[in-house]
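File shown here: model_14.tsv, holding TSV, C-alpha atoms.
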```
chain	number	residue	atom	x	y	z
A	28	MET	CA	21.15	20.72	-37.35
A	29	LYS	CA	17.74	21.15	-38.95
A	30	LYS	CA	17.07	17.40	-38.76
A	31	ILE	CA	18.05	17.33	-35.08
A	32	THR	CA	15.70	20.24	-34.38
A	33	VAL	CA	12.84	18.43	-36.12
A	34	VAL	CA	13.52	15.25	-34.13
A	35	LEU	CA	13.63	17.15	-30.82
A	36	ALA	CA	10.37	18.91	-31.67
A	37	ALA	CA	8.73	15.58	-32.42
A	38	VAL	CA	9.96	14.10	-29.14
A	39	ALA	CA	8.68	17.16	-27.26
A	40	CYS	CA	5.25	16.72	-28.83
A	41	ILE	CA	5.18	13.07	-27.76
A	42	LEU	CA	6.19	13.97	-24.20
A	43	LEU	CA	3.59	16.73	-23.97
A	44	ALA	CA	0.92	14.40	-25.30
A	45	SER	CA	1.82	11.71	-22.79
A	46	CYS	CA	1.82	14.22	-19.92
A	47	GLY	CA	-1.61	15.53	-20.87
A	48	ALA	CA	-3.08	12.08	-21.49
A	49	LYS	CA	-4.02	11.72	-17.83
A	50	LYS	CA	-6.47	14.61	-18.12
A	51	ASP	CA	-9.54	14.36	-20.35
A	52	ALA	CA	-10.73	16.92	-22.90
A	53	ASN	CA	-12.89	18.67	-20.28
A	54	GLY	CA	-10.08	19.08	-17.75
A	55	TRP	CA	-10.60	16.11	-15.40
A	56	TYR	CA	-7.82	13.85	-14.17
A	57	ASP	CA	-8.66	10.27	-13.20
A	58	ASP	CA	-5.19	9.59	-11.77
A	59	PHE	CA	-5.03	11.08	-8.28
A	60	GLU	CA	-1.24	10.96	-8.01
A	61	ALA	CA	-0.87	12.78	-11.33
A	62	ALA	CA	-3.32	15.39	-10.07
A	63	LYS	CA	-1.30	15.81	-6.85
A	64	LYS	CA	1.87	16.40	-8.86
A	65	GLU	CA	0.10	19.04	-10.92
A	66	ALA	CA	-1.38	20.62	-7.78
A	67	LYS	CA	2.03	20.83	-6.10
A	68	SER	CA	3.76	22.26	-9.16
A	69	SER	CA	1.04	24.88	-9.68
A	70	ASN	CA	0.35	25.51	-5.96
A	71	LYS	CA	-3.36	24.71	-6.24
A	72	ASN	CA	-5.79	22.70	-4.17
A	73	ILE	CA	-7.43	19.50	-5.39
A	74	LEU	CA	-11.12	19.04	-6.13
A	75	LEU	CA	-12.22	15.40	-6.11
A	76	PHE	CA	-15.57	14.62	-7.76
A	77	VAL	CA	-16.97	11.09	-7.31
A	78	ASN	CA	-20.08	9.65	-8.93
A	79	SER	CA	-21.42	6.12	-9.20
A	80	ASP	CA	-24.33	3.95	-10.28
A	81	MET	CA	-25.83	4.71	-6.85
A	82	ASP	CA	-26.02	8.49	-7.31
A	83	VAL	CA	-28.79	10.29	-5.44
A	84	PRO	CA	-31.90	10.48	-7.69
A	85	GLY	CA	-32.34	13.83	-9.40
A	86	THR	CA	-28.65	14.60	-9.74
A	87	ASP	CA	-28.19	13.25	-13.27
A	88	ALA	CA	-28.39	16.65	-14.97
A	89	GLY	CA	-25.78	18.25	-12.73
A	90	VAL	CA	-23.40	15.30	-13.02
A	91	LYS	CA	-23.77	15.26	-16.80
A	92	PHE	CA	-23.11	18.99	-16.99
A	93	LEU	CA	-19.93	18.79	-14.97
A	94	LEU	CA	-18.54	15.90	-17.00
A	95	GLU	CA	-19.59	16.72	-20.54
A	96	ASN	CA	-18.42	20.31	-20.92
A	97	ALA	CA	-15.44	22.28	-19.72
A	98	ASP	CA	-17.25	25.37	-18.35
A	99	PHE	CA	-16.72	24.45	-14.70
A	100	THR	CA	-13.12	23.22	-14.94
A	101	LYS	CA	-12.18	26.31	-16.98
A	102	ALA	CA	-13.82	28.60	-14.43
A	103	VAL	CA	-11.90	27.10	-11.50
A	104	LYS	CA	-8.60	26.21	-13.22
A	105	ASP	CA	-6.71	28.93	-11.32
A	106	LYS	CA	-7.85	27.58	-7.94
A	107	VAL	CA	-8.01	23.79	-8.16
A	108	VAL	CA	-6.89	20.73	-10.06
A	109	CYS	CA	-9.98	18.67	-10.86
A	110	VAL	CA	-10.10	14.89	-10.39
A	111	HIS	CA	-12.99	12.60	-11.32
A	112	PHE	CA	-13.58	9.05	-10.08
A	113	ASP	CA	-16.24	7.27	-12.14
A	114	PHE	CA	-17.79	4.32	-10.30
A	115	THR	CA	-20.82	3.95	-12.57
A	116	ASP	CA	-19.48	0.60	-13.82
A	117	LEU	CA	-18.27	-0.63	-10.43
A	118	ALA	CA	-20.46	-3.76	-10.17
A	119	ALA	CA	-19.77	-4.92	-13.72
A	120	ALA	CA	-16.06	-4.09	-13.63
A	121	MET	CA	-15.45	-5.91	-10.34
A	122	ALA	CA	-17.35	-9.03	-11.45
A	123	GLU	CA	-15.60	-12.19	-12.63
A	124	ILE	CA	-14.10	-11.94	-16.11
A	125	PRO	CA	-16.39	-14.03	-18.34
A	126	GLU	CA	-15.14	-17.30	-19.78
A	127	GLY	CA	-14.07	-17.04	-23.36
A	128	ALA	CA	-12.78	-13.50	-23.00
A	129	THR	CA	-9.84	-12.76	-25.27
A	130	ASN	CA	-6.41	-11.99	-23.87
A	131	LYS	CA	-6.93	-8.33	-24.79
A	132	GLU	CA	-10.30	-8.26	-23.03
A	133	GLN	CA	-8.84	-9.90	-19.91
A	134	LYS	CA	-6.02	-7.37	-19.72
A	135	ALA	CA	-8.44	-4.48	-20.18
A	136	ALA	CA	-10.72	-5.86	-17.43
A	137	GLU	CA	-7.80	-6.38	-15.05
A	138	LYS	CA	-6.50	-2.87	-15.72
A	139	ARG	CA	-9.93	-1.36	-15.05
A	140	LYS	CA	-10.32	-3.39	-11.87
A	141	ALA	CA	-6.90	-2.27	-10.60
A	142	LYS	CA	-7.74	1.39	-11.28
A	143	LEU	CA	-11.09	1.09	-9.51
A	144	ASN	CA	-9.46	-0.55	-6.48
A	145	THR	CA	-6.97	2.31	-6.22
A	146	GLN	CA	-9.64	4.97	-6.67
A	147	PHE	CA	-11.98	3.25	-4.22
A	148	ARG	CA	-9.31	3.23	-1.49
A	149	ILE	CA	-8.66	6.94	-2.04
A	150	ALA	CA	-12.37	7.79	-1.94
A	151	ASP	CA	-12.62	5.71	1.24
A	152	CYS	CA	-9.88	7.77	2.91
A	153	TYR	CA	-11.87	10.92	2.08
A	154	MET	CA	-14.90	9.21	3.66
A	155	VAL	CA	-17.04	9.38	0.52
A	156	GLN	CA	-20.20	7.58	1.55
A	157	GLN	CA	-22.84	8.97	-0.80
A	158	THR	CA	-22.53	10.00	-4.42
A	159	PRO	CA	-22.28	12.30	-6.21
A	160	ALA	CA	-19.72	13.81	-3.87
A	161	VAL	CA	-17.27	16.71	-4.10
A	162	VAL	CA	-14.27	16.97	-1.76
A	163	LEU	CA	-11.62	19.67	-1.46
A	164	ALA	CA	-8.08	18.69	-0.50
A	165	THR	CA	-4.78	20.53	-0.19
A	166	LYS	CA	-2.09	20.07	-2.80
A	167	GLU	CA	-0.55	17.47	-0.47
A	168	GLY	CA	-3.82	15.55	-0.44
A	169	TYR	CA	-4.96	16.50	3.08
A	170	PHE	CA	-8.71	16.82	3.57
A	171	ILE	CA	-10.14	20.36	3.66
A	172	THR	CA	-13.90	19.99	3.43
A	173	ASP	CA	-16.84	18.41	1.64
A	174	VAL	CA	-18.41	20.79	-0.87
A	175	GLN	CA	-22.20	20.98	-1.07
A	176	PHE	CA	-23.20	20.91	-4.74
A	177	ASP	CA	-26.92	20.48	-5.37
A	178	PHE	CA	-26.32	18.95	-8.83
A	179	ILE	CA	-29.49	20.59	-10.16
A	180	GLY	CA	-28.11	23.47	-12.21
A	181	THR	CA	-26.63	23.20	-15.67
A	182	THR	CA	-24.47	26.32	-15.67
A	183	ALA	CA	-21.03	26.77	-14.17
A	184	ASP	CA	-21.91	29.81	-12.05
A	185	GLY	CA	-23.80	27.93	-9.35
A	186	TYR	CA	-21.07	25.37	-8.88
A	187	VAL	CA	-18.35	28.00	-8.85
A	188	SER	CA	-20.31	29.92	-6.20
A	189	ALA	CA	-20.69	26.78	-4.07
A	190	LEU	CA	-16.96	26.24	-4.27
A	191	SER	CA	-16.28	29.86	-3.30
A	192	LEU	CA	-18.27	29.39	-0.10
A	193	GLU	CA	-15.46	27.15	1.12
A	194	ASP	CA	-12.73	29.80	0.71
A	195	ALA	CA	-12.49	30.36	4.47
A	196	ALA	CA	-12.04	26.64	5.15
A	197	VAL	CA	-9.45	26.44	2.37
A	198	SER	CA	-7.45	29.32	3.85
A	199	GLU	CA	-7.65	27.95	7.38
A	200	VAL	CA	-6.44	24.45	6.49
A	201	ASN	CA	-3.69	25.67	4.17
A	202	ALA	CA	-2.47	28.04	6.89
A	203	MET	CA	-2.22	25.12	9.33
A	204	VAL	CA	-0.36	23.03	6.76
A	205	SER	CA	1.99	25.93	6.02
A	206	ALA	CA	2.80	26.21	9.73
A	207	THR	CA	4.00	22.59	9.75
A	208	LYS	CA	6.82	23.58	7.40
A	209	LYS	CA	8.17	26.62	9.29
A	210	GLY	CA	10.11	27.33	12.47
A	211	SER	CA	12.12	25.14	14.79
A	212	SER	CA	11.64	21.41	15.08
A	213	ALA	CA	9.57	21.87	18.23
A	214	GLU	CA	7.40	24.48	16.55
A	215	ARG	CA	6.83	22.25	13.56
A	216	VAL	CA	5.90	19.30	15.78
A	217	LYS	CA	3.43	21.49	17.64
A	218	ALA	CA	1.94	22.69	14.34
A	219	ILE	CA	1.60	19.14	13.03
A	220	ASP	CA	-0.12	18.08	16.24
A	221	LYS	CA	-2.53	21.00	15.98
A	222	PHE	CA	-3.40	20.12	12.40
A	223	TYR	CA	-3.73	16.41	13.23
A	224	GLU	CA	-6.15	17.16	16.04
A	225	SER	CA	-8.23	19.36	13.73
A	226	GLN	CA	-8.89	16.43	11.40
A	227	SER	CA	-11.54	13.75	11.95
A	228	GLU	CA	-10.45	10.22	12.87
A	229	GLY	CA	-10.97	8.91	9.34
A	230	HIS	CA	-9.21	11.77	7.58
A	231	ARG	CA	-6.16	11.29	9.80
A	232	LEU	CA	-5.30	8.26	7.68
A	233	LEU	CA	-4.20	10.79	5.05
A	234	LEU	CA	-1.57	12.27	7.37
A	235	SER	CA	0.96	9.45	7.52
A	236	ASP	CA	3.73	11.64	6.06
A	237	LEU	CA	3.20	14.20	8.85
A	238	CYS	CA	3.19	11.46	11.50
A	239	ARG	CA	6.53	10.29	10.13
A	240	LYS	CA	7.88	13.84	10.25
A	241	ILE	CA	7.17	14.07	13.96
A	242	LEU	CA	9.25	10.95	14.57
A	243	SER	CA	12.18	12.46	12.68
A	244	LEU	CA	11.79	15.99	14.08
A	245	ASP	CA	11.59	14.86	17.71
A	246	LYS	CA	14.04	11.99	17.99
A	247	LYS	CA	14.51	12.51	21.74
A	248	ASN	CA	10.77	12.80	22.41
A	249	GLU	CA	11.17	16.22	23.98
A	250	THR	CA	7.51	17.05	23.19
A	251	GLY	CA	6.18	13.81	24.66
A	252	LEU	CA	4.24	13.20	21.43
A	253	VAL	CA	6.31	10.44	19.85
A	254	SER	CA	4.29	7.55	21.27
A	255	LYS	CA	1.05	9.14	20.10
A	256	TYR	CA	2.34	9.35	16.54
A	257	ILE	CA	3.80	5.86	16.50
A	258	VAL	CA	0.24	4.70	17.20
A	259	ALA	CA	-1.20	7.05	14.55
A	260	LEU	CA	1.33	5.87	11.98
A	261	SER	CA	0.56	2.25	12.87
A	262	HIS	CA	-3.09	2.79	11.97
A	263	ALA	CA	-2.32	4.62	8.73
A	264	ASP	CA	0.23	2.04	7.56
A	265	ALA	CA	-1.90	-0.91	8.61
A	266	TYR	CA	-4.91	0.43	6.73
A	267	THR	CA	-2.91	0.37	3.48
A	268	TYR	CA	-2.41	-3.39	3.82
A	269	LEU	CA	-5.69	-4.27	5.47
A	270	VAL	CA	-7.71	-3.11	2.46
A	271	THR	CA	-5.62	-5.39	0.23
A	272	GLY	CA	-6.12	-8.35	2.56
A	273	ASP	CA	-2.47	-8.61	3.64
A	274	VAL	CA	-3.20	-9.49	7.27
A	275	GLU	CA	0.34	-10.72	7.95
A	276	LYS	CA	1.72	-7.31	7.04
A	277	VAL	CA	-0.88	-5.60	9.24
A	278	LEU	CA	0.15	-7.77	12.18
A	279	SER	CA	3.84	-7.11	11.61
A	280	ILE	CA	3.22	-3.35	11.67
A	281	TYR	CA	1.33	-3.43	14.96
A	282	GLU	CA	3.72	-5.87	16.61
A	283	LYS	CA	6.84	-4.02	15.50
A	284	ASN	CA	5.53	-0.66	16.67
A	285	ALA	CA	4.22	-2.09	19.95
A	286	ALA	CA	7.79	-3.22	20.69
A	287	ASP	CA	9.29	0.19	19.86
A	288	LYS	CA	11.25	1.47	22.88
A	289	ARG	CA	9.83	4.97	22.38
A	290	ILE	CA	6.21	3.91	22.88
A	291	SER	CA	4.39	4.20	26.20
A	292	PRO	CA	3.24	1.05	28.04
A	293	ASP	CA	-0.45	1.88	27.54
A	294	ASP	CA	0.03	2.53	23.82
A	295	ALA	CA	2.00	-0.70	23.44
A	296	GLN	CA	-0.86	-2.52	25.14
A	297	THR	CA	-3.33	-0.98	22.69
A	298	LEU	CA	-1.31	-2.04	19.63
A	299	TYR	CA	-0.87	-5.62	20.83
A	300	TYR	CA	-4.59	-5.84	21.55
A	301	ILE	CA	-5.47	-4.47	18.11
A	302	ALA	CA	-3.19	-7.06	16.48
A	303	ALA	CA	-4.95	-9.83	18.42
A	304	ASN	CA	-8.35	-8.44	17.43
A	305	VAL	CA	-7.41	-8.24	13.75
A	306	LEU	CA	-6.14	-11.81	13.84
A	307	ALA	CA	-9.28	-13.15	15.50
A	308	ASN	CA	-11.69	-11.28	13.23
A	309	THR	CA	-9.92	-12.26	10.00
A	310	ARG	CA	-9.61	-15.93	11.02
A	311	VAL	CA	-6.18	-16.29	9.42
A	312	GLY	CA	-4.08	-17.20	12.46
A	313	SER	CA	-3.89	-19.75	15.25
A	314	ALA	CA	-5.32	-19.51	18.72
A	315	ASP	CA	-1.77	-19.73	20.07
A	316	LYS	CA	-0.82	-16.54	18.22
A	317	ILE	CA	-3.86	-14.70	19.59
A	318	ILE	CA	-2.98	-15.86	23.09
A	319	ASP	CA	0.61	-14.68	22.59
A	320	LEU	CA	-0.54	-11.22	21.51
A	321	LEU	CA	-2.97	-10.90	24.41
A	322	GLU	CA	-0.28	-11.94	26.88
A	323	LYS	CA	2.06	-9.30	25.40
A	324	ALA	CA	-0.71	-6.72	25.71
A	325	ILE	CA	-1.19	-7.50	29.40
A	326	ALA	CA	2.56	-7.59	30.09
A	327	ALA	CA	3.06	-4.22	28.40
A	328	SER	CA	0.96	-2.44	31.05
A	329	PRO	CA	-0.21	-4.90	33.72
A	330	GLU	CA	-1.55	-2.19	36.02
A	331	SER	CA	-3.62	-0.37	33.37
A	332	GLU	CA	-7.38	0.02	33.78
A	333	TYR	CA	-7.85	-2.32	30.80
A	334	ALA	CA	-5.64	-5.15	32.05
A	335	PRO	CA	-8.49	-6.92	33.94
A	336	THR	CA	-10.63	-6.91	30.79
A	337	LEU	CA	-7.77	-8.29	28.75
A	338	MET	CA	-7.23	-11.02	31.36
A	339	GLN	CA	-10.89	-12.04	31.02
A	340	ILE	CA	-10.57	-12.18	27.24
A	341	LEU	CA	-7.34	-14.17	27.49
A	342	ASP	CA	-8.95	-16.69	29.86
A	343	SER	CA	-11.89	-17.11	27.49
A	344	VAL	CA	-9.58	-17.73	24.54
A	345	LYS	CA	-7.61	-20.33	26.49
A	346	GLN	CA	-10.80	-22.10	27.58
A	347	MET	CA	-12.15	-22.15	24.04
A	348	LYS	CA	-8.83	-23.46	22.74
A	349	ALA	CA	-8.83	-26.22	25.35
A	350	SER	CA	-12.38	-27.31	24.48
A	351	GLU	CA	-11.89	-27.04	20.74
A	352	GLU	CA	-8.21	-27.64	20.15
A	353	GLY	CA	-6.78	-25.93	17.08
A	354	ALA	CA	-9.82	-23.76	16.27
A	355	VAL	CA	-9.46	-20.00	16.09
A	356	PRO	CA	-11.84	-18.70	18.76
A	357	ASP	CA	-14.34	-15.96	18.08
A	358	TYR	CA	-14.18	-13.68	21.12
A	359	SER	CA	-15.19	-10.55	19.23
A	360	ALA	CA	-18.70	-10.48	20.69
A	361	GLU	CA	-17.42	-10.85	24.24
A	362	SER	CA	-14.67	-8.30	23.79
A	363	SER	CA	-17.00	-5.73	22.27
A	364	ALA	CA	-19.31	-6.08	25.24
A	365	ALA	CA	-16.46	-5.26	27.58
A	366	GLU	CA	-14.66	-1.96	27.63
A	367	GLU	CA	-11.77	-2.00	25.15
A	368	PRO	CA	-8.20	-0.83	25.69
A	369	ALA	CA	-7.22	2.78	25.41
A	370	GLU	CA	-7.47	3.57	21.71
A	371	ASP	CA	-8.94	1.20	19.15
A	372	THR	CA	-8.12	1.58	15.46
A	373	ASP	CA	-10.17	2.77	12.57
A	374	ALA	CA	-7.85	0.94	10.18
A	375	GLY	CA	-10.33	-1.78	9.42
A	376	SER	CA	-13.37	0.42	9.15
A	377	GLY	CA	-12.43	2.12	5.93
A	378	GLU	CA	-12.45	5.51	7.47
```

As structure tokens, the full file:
Amino acid sequence: MKKITVVLAAVACILLASCGAKKDANGWYDDFEAAKKEAKSSNKNILLFVNSDMDVPGTDAGVKFLLENADFTKAVKDKVVCVHFDFTDLAAAMAEIPEGATNKEQKAAEKRKAKLNTQFRIADCYMVQQTPAVVLATKEGYFITDVQFDFIGTTADGYVSALSLEDAAVSEVNAMVSATKKGSSAERVKAIDKFYESQSEGHRLLLSDLCRKILSLDKKNETGLVSKYIVALSHADAYTYLVTGDVEKVLSIYEKNAADKRISPDDAQTLYYIAANVLANTRVGSADKIIDLLEKAIAASPESEYAPTLMQILDSVKQMKASEEGAVPDYSAESSAAEEPAEDTDAGSGE
């Protein structure tokens, strides 16, 4: 029995060590999904801190303070789970692996590149455009607010105070999220729609799970919101594949959802048009496919206010195909000059 107890204790130590390995000595995670799990289990919000080799001049001292001692993370450990994305080696890490690198060096470089790609996509969804940046998110990962740190001080008090200034925003967003989990199906759908509308266009890409919930909560479309959230989910799902360069998957998402029987004619037209636009701008498909998508867009809602514009674009594509058989036409300049269909996507913008 004593030997078994010793073995179990040893295994427990290994498991605890492996669980804690995703957080550094000063309390920062670099794995966002691990941080979300911790946030959910402890019912805390998430604080995402991003810095890079393009940090605003004069912020070095504040960045160094936050990263090199545990005063701040200890002071806020009851409120948030802290995550740090370090992009200071972004240019070097994303460069070609030098010739002559050992197998071990190649694997290390590929692992670092994969981590940076994942972190970069997450930071993009939180619309991090300038570093250093601090973002607050709910335990589910929904955006709450950007936090204004000046990165001048070298004590925890100032940063803790700056975080406390966002308490009202934290309470408001968490209350809206809580409402999406209570009441009847109709009440939950209404709460999700309210929260969705409160978020900016870019941050809505983080709400794909809530968009999916609406489709399951309102199977008969009694709220009239199903079409809206098929479109929203299309953008969120397409963005996931667009950033990895999987254009075929992006097209399949838009085409499949445009053909969904629950979607409105105008929304179907929008999705077909977006698919055609993605195909033309990425130059990966044939002119015939673009023509097919534009024809489907027009057929979906032939009497819409955008149908005449789409007809003009379609005619231009056909003319260009006839004069330069087999080439993928570039109609993006012409189409951007004309008024576009109902709702364009932010999926390719990195919002």

I'd like a table as a Markdown table: residues in stretch 111-222 of chain A with an atom no more than 9 Å from stretch 231-252 of chain A, each row giving the shortest atom pair and its distance in Å to one decimal, only C-alpha atoms counted, sorted by chain and rising residue number.
```
| residue | atom | partner | partner_atom | distance |
| --- | --- | --- | --- | --- |
| A:Cys152 | CA | A:Leu232 | CA | 6.6 |
| A:Tyr153 | CA | A:Leu233 | CA | 8.2 |
| A:Gly168 | CA | A:Leu233 | CA | 7.3 |
| A:Tyr169 | CA | A:Leu233 | CA | 6.1 |
| A:Phe170 | CA | A:Leu233 | CA | 7.7 |
| A:Thr207 | CA | A:Leu237 | CA | 8.5 |
| A:Ser212 | CA | A:Leu244 | CA | 5.5 |
| A:Ala213 | CA | A:Thr250 | CA | 7.2 |
| A:Arg215 | CA | A:Leu244 | CA | 8.0 |
| A:Val216 | CA | A:Ile241 | CA | 5.7 |
| A:Lys217 | CA | A:Thr250 | CA | 8.2 |
| A:Ile219 | CA | A:Leu237 | CA | 6.7 |
| A:Asp220 | CA | A:Leu252 | CA | 8.4 |
```

Within 12 Å of A:Ala196, counting all atoms listed in the file, which residues show up once you throw out same-chain ones fewer than 6 positions away? Write them as a tab-separated table (two decimals) with C-alpha atoms, in the frame of the given file, please.
```
chain	number	residue	atom	x	y	z
A	72	ASN	CA	-5.79	22.70	-4.17
A	163	LEU	CA	-11.62	19.67	-1.46
A	164	ALA	CA	-8.08	18.69	-0.50
A	165	THR	CA	-4.78	20.53	-0.19
A	170	PHE	CA	-8.71	16.82	3.57
A	171	ILE	CA	-10.14	20.36	3.66
A	172	THR	CA	-13.90	19.99	3.43
A	173	ASP	CA	-16.84	18.41	1.64
A	174	VAL	CA	-18.41	20.79	-0.87
A	190	LEU	CA	-16.96	26.24	-4.27
A	202	ALA	CA	-2.47	28.04	6.89
A	203	MET	CA	-2.22	25.12	9.33
A	225	SER	CA	-8.23	19.36	13.73
```

Atom CA of A:Tyr186 to atom CA of A:Thr158, distance in Å rounded to a single decimal: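 Value for the atom CA of A:Tyr186-atom CA of A:Thr158 distance: 16.1 Å.
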
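Only residues having an atom at most 9 Å from (0.1, 26.3, -6.1) are included; using only C-alpha atoms, these are Glu65, Ala66, Lys67, Ser68, Ser69, Asn70, Lys71, Asn72, Asp105, Lys106, Val107 and Lys166 of chain A.
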
Given all atoms listed in the file as the counted atoms, nearest of A:Val311, A:Ala128, A:Ile179, A:Val155 to A:Leu93: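 Closest to A:Leu93 of all the choices is A:Ile179.
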
Between atom CA of A:Glu137 and atom CA of A:Phe114, distance in Å (one decimal):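 A separation of 15.4 Å between them.
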
Straight-line distance linking atom CA of A:Lys49 with atom CA of A:His111, stated in Å to one decimal: 11.1 Å

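Distance annotation: of A:Lys134, A:Ala141, A:Glu167, A:Ile340, the residue with the minimal separation from A:Ala61 is A:Glu167; atom set is all atoms listed in the file.
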
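When the distance limit is 12 Å and all atoms listed in the file are what count, the residues near A:Asp273, minus those fewer than 6 positions from it on the same chain, are Asp264, Ala265, Tyr266, Thr267, Ser279, Ile280, Val305, Leu306, Thr309, Val311 and Gly375 of chain A.
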
Spatial sel., origin (-20.7, 11.4, -6.5), limit 12 Å, all atoms listed in the file, listed as a PDB file with C-alpha atoms, in the frame of the given file:
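Just written: point.pdb:
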```pdb
ATOM      1  CA  LEU A  75     -12.220  15.400  -6.110  1.00  0.00           C
ATOM      2  CA  PHE A  76     -15.570  14.620  -7.760  1.00  0.00           C
ATOM      3  CA  VAL A  77     -16.970  11.090  -7.310  1.00  0.00           C
ATOM      4  CA  ASN A  78     -20.080   9.650  -8.930  1.00  0.00           C
ATOM      5  CA  SER A  79     -21.420   6.120  -9.200  1.00  0.00           C
ATOM      6  CA  ASP A  80     -24.330   3.950 -10.280  1.00  0.00           C
ATOM      7  CA  MET A  81     -25.830   4.710  -6.850  1.00  0.00           C
ATOM      8  CA  ASP A  82     -26.020   8.490  -7.310  1.00  0.00           C
ATOM      9  CA  VAL A  83     -28.790  10.290  -5.440  1.00  0.00           C
ATOM     10  CA  PRO A  84     -31.900  10.480  -7.690  1.00  0.00           C
ATOM     11  CA  THR A  86     -28.650  14.600  -9.740  1.00  0.00           C
ATOM     12  CA  ASP A  87     -28.190  13.250 -13.270  1.00  0.00           C
ATOM     13  CA  GLY A  89     -25.780  18.250 -12.730  1.00  0.00           C
ATOM     14  CA  VAL A  90     -23.400  15.300 -13.020  1.00  0.00           C
ATOM     15  CA  LYS A  91     -23.770  15.260 -16.800  1.00  0.00           C
ATOM     16  CA  LEU A  93     -19.930  18.790 -14.970  1.00  0.00           C
ATOM     17  CA  LEU A  94     -18.540  15.900 -17.000  1.00  0.00           C
ATOM     18  CA  VAL A 110     -10.100  14.890 -10.390  1.00  0.00           C
ATOM     19  CA  HIS A 111     -12.990  12.600 -11.320  1.00  0.00           C
ATOM     20  CA  PHE A 112     -13.580   9.050 -10.080  1.00  0.00           C
ATOM     21  CA  ASP A 113     -16.240   7.270 -12.140  1.00  0.00           C
ATOM     22  CA  PHE A 114     -17.790   4.320 -10.300  1.00  0.00           C
ATOM     23  CA  THR A 115     -20.820   3.950 -12.570  1.00  0.00           C
ATOM     24  CA  ALA A 150     -12.370   7.790  -1.940  1.00  0.00           C
ATOM     25  CA  MET A 154     -14.900   9.210   3.660  1.00  0.00           C
ATOM     26  CA  VAL A 155     -17.040   9.380   0.520  1.00  0.00           C
ATOM     27  CA  GLN A 156     -20.200   7.580   1.550  1.00  0.00           C
ATOM     28  CA  GLN A 157     -22.840   8.970  -0.800  1.00  0.00           C
ATOM     29  CA  THR A 158     -22.530  10.000  -4.420  1.00  0.00           C
ATOM     30  CA  PRO A 159     -22.280  12.300  -6.210  1.00  0.00           C
ATOM     31  CA  ALA A 160     -19.720  13.810  -3.870  1.00  0.00           C
ATOM     32  CA  VAL A 161     -17.270  16.710  -4.100  1.00  0.00           C
ATOM     33  CA  VAL A 162     -14.270  16.970  -1.760  1.00  0.00           C
ATOM     34  CA  ASP A 173     -16.840  18.410   1.640  1.00  0.00           C
ATOM     35  CA  VAL A 174     -18.410  20.790  -0.870  1.00  0.00           C
ATOM     36  CA  GLN A 175     -22.200  20.980  -1.070  1.00  0.00           C
ATOM     37  CA  PHE A 176     -23.200  20.910  -4.740  1.00  0.00           C
ATOM     38  CA  ASP A 177     -26.920  20.480  -5.370  1.00  0.00           C
ATOM     39  CA  PHE A 178     -26.320  18.950  -8.830  1.00  0.00           C
TER      40      PHE A 178
END
```

Surrounding residues of stretch 292-304 of chain A excluding itself and chain neighbours under 2 positions, 8 Å, all atoms listed in the file, as a VMD selection string: chain A and resid 254 to 255 258 277 to 278 281 to 282 284 to 286 290 306 to 308 316 to 318 320 to 321 323 to 328 331 359 368 to 372

Put a box with edges along x, y and z around all the listed atoms of stretch 169-184 of chain A, pad it by 8 Å on each side, then give me its centre and sizes in Å, one decimal, as lines of an AutoDock Vina configuration file.
```
center_x = -17.2
center_y = 23.2
center_z = -6.0
size_x = 40.5
size_y = 29.3
size_z = 35.3
```

Near-A:Ala119 list (12 Å; only C-alpha atoms; drop same-chain fewer than 4 positions) as an MDAnalysis selection string: chainID A and resid 80 114:115 123:125 136 139:140 143

Closest of A:Ile73, A:Leu260, A:Ala97, A:Ala88 to A:Gly54 - atom-to-atom distances counting only C-alpha atoms: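 Closest candidate: A:Ala97.
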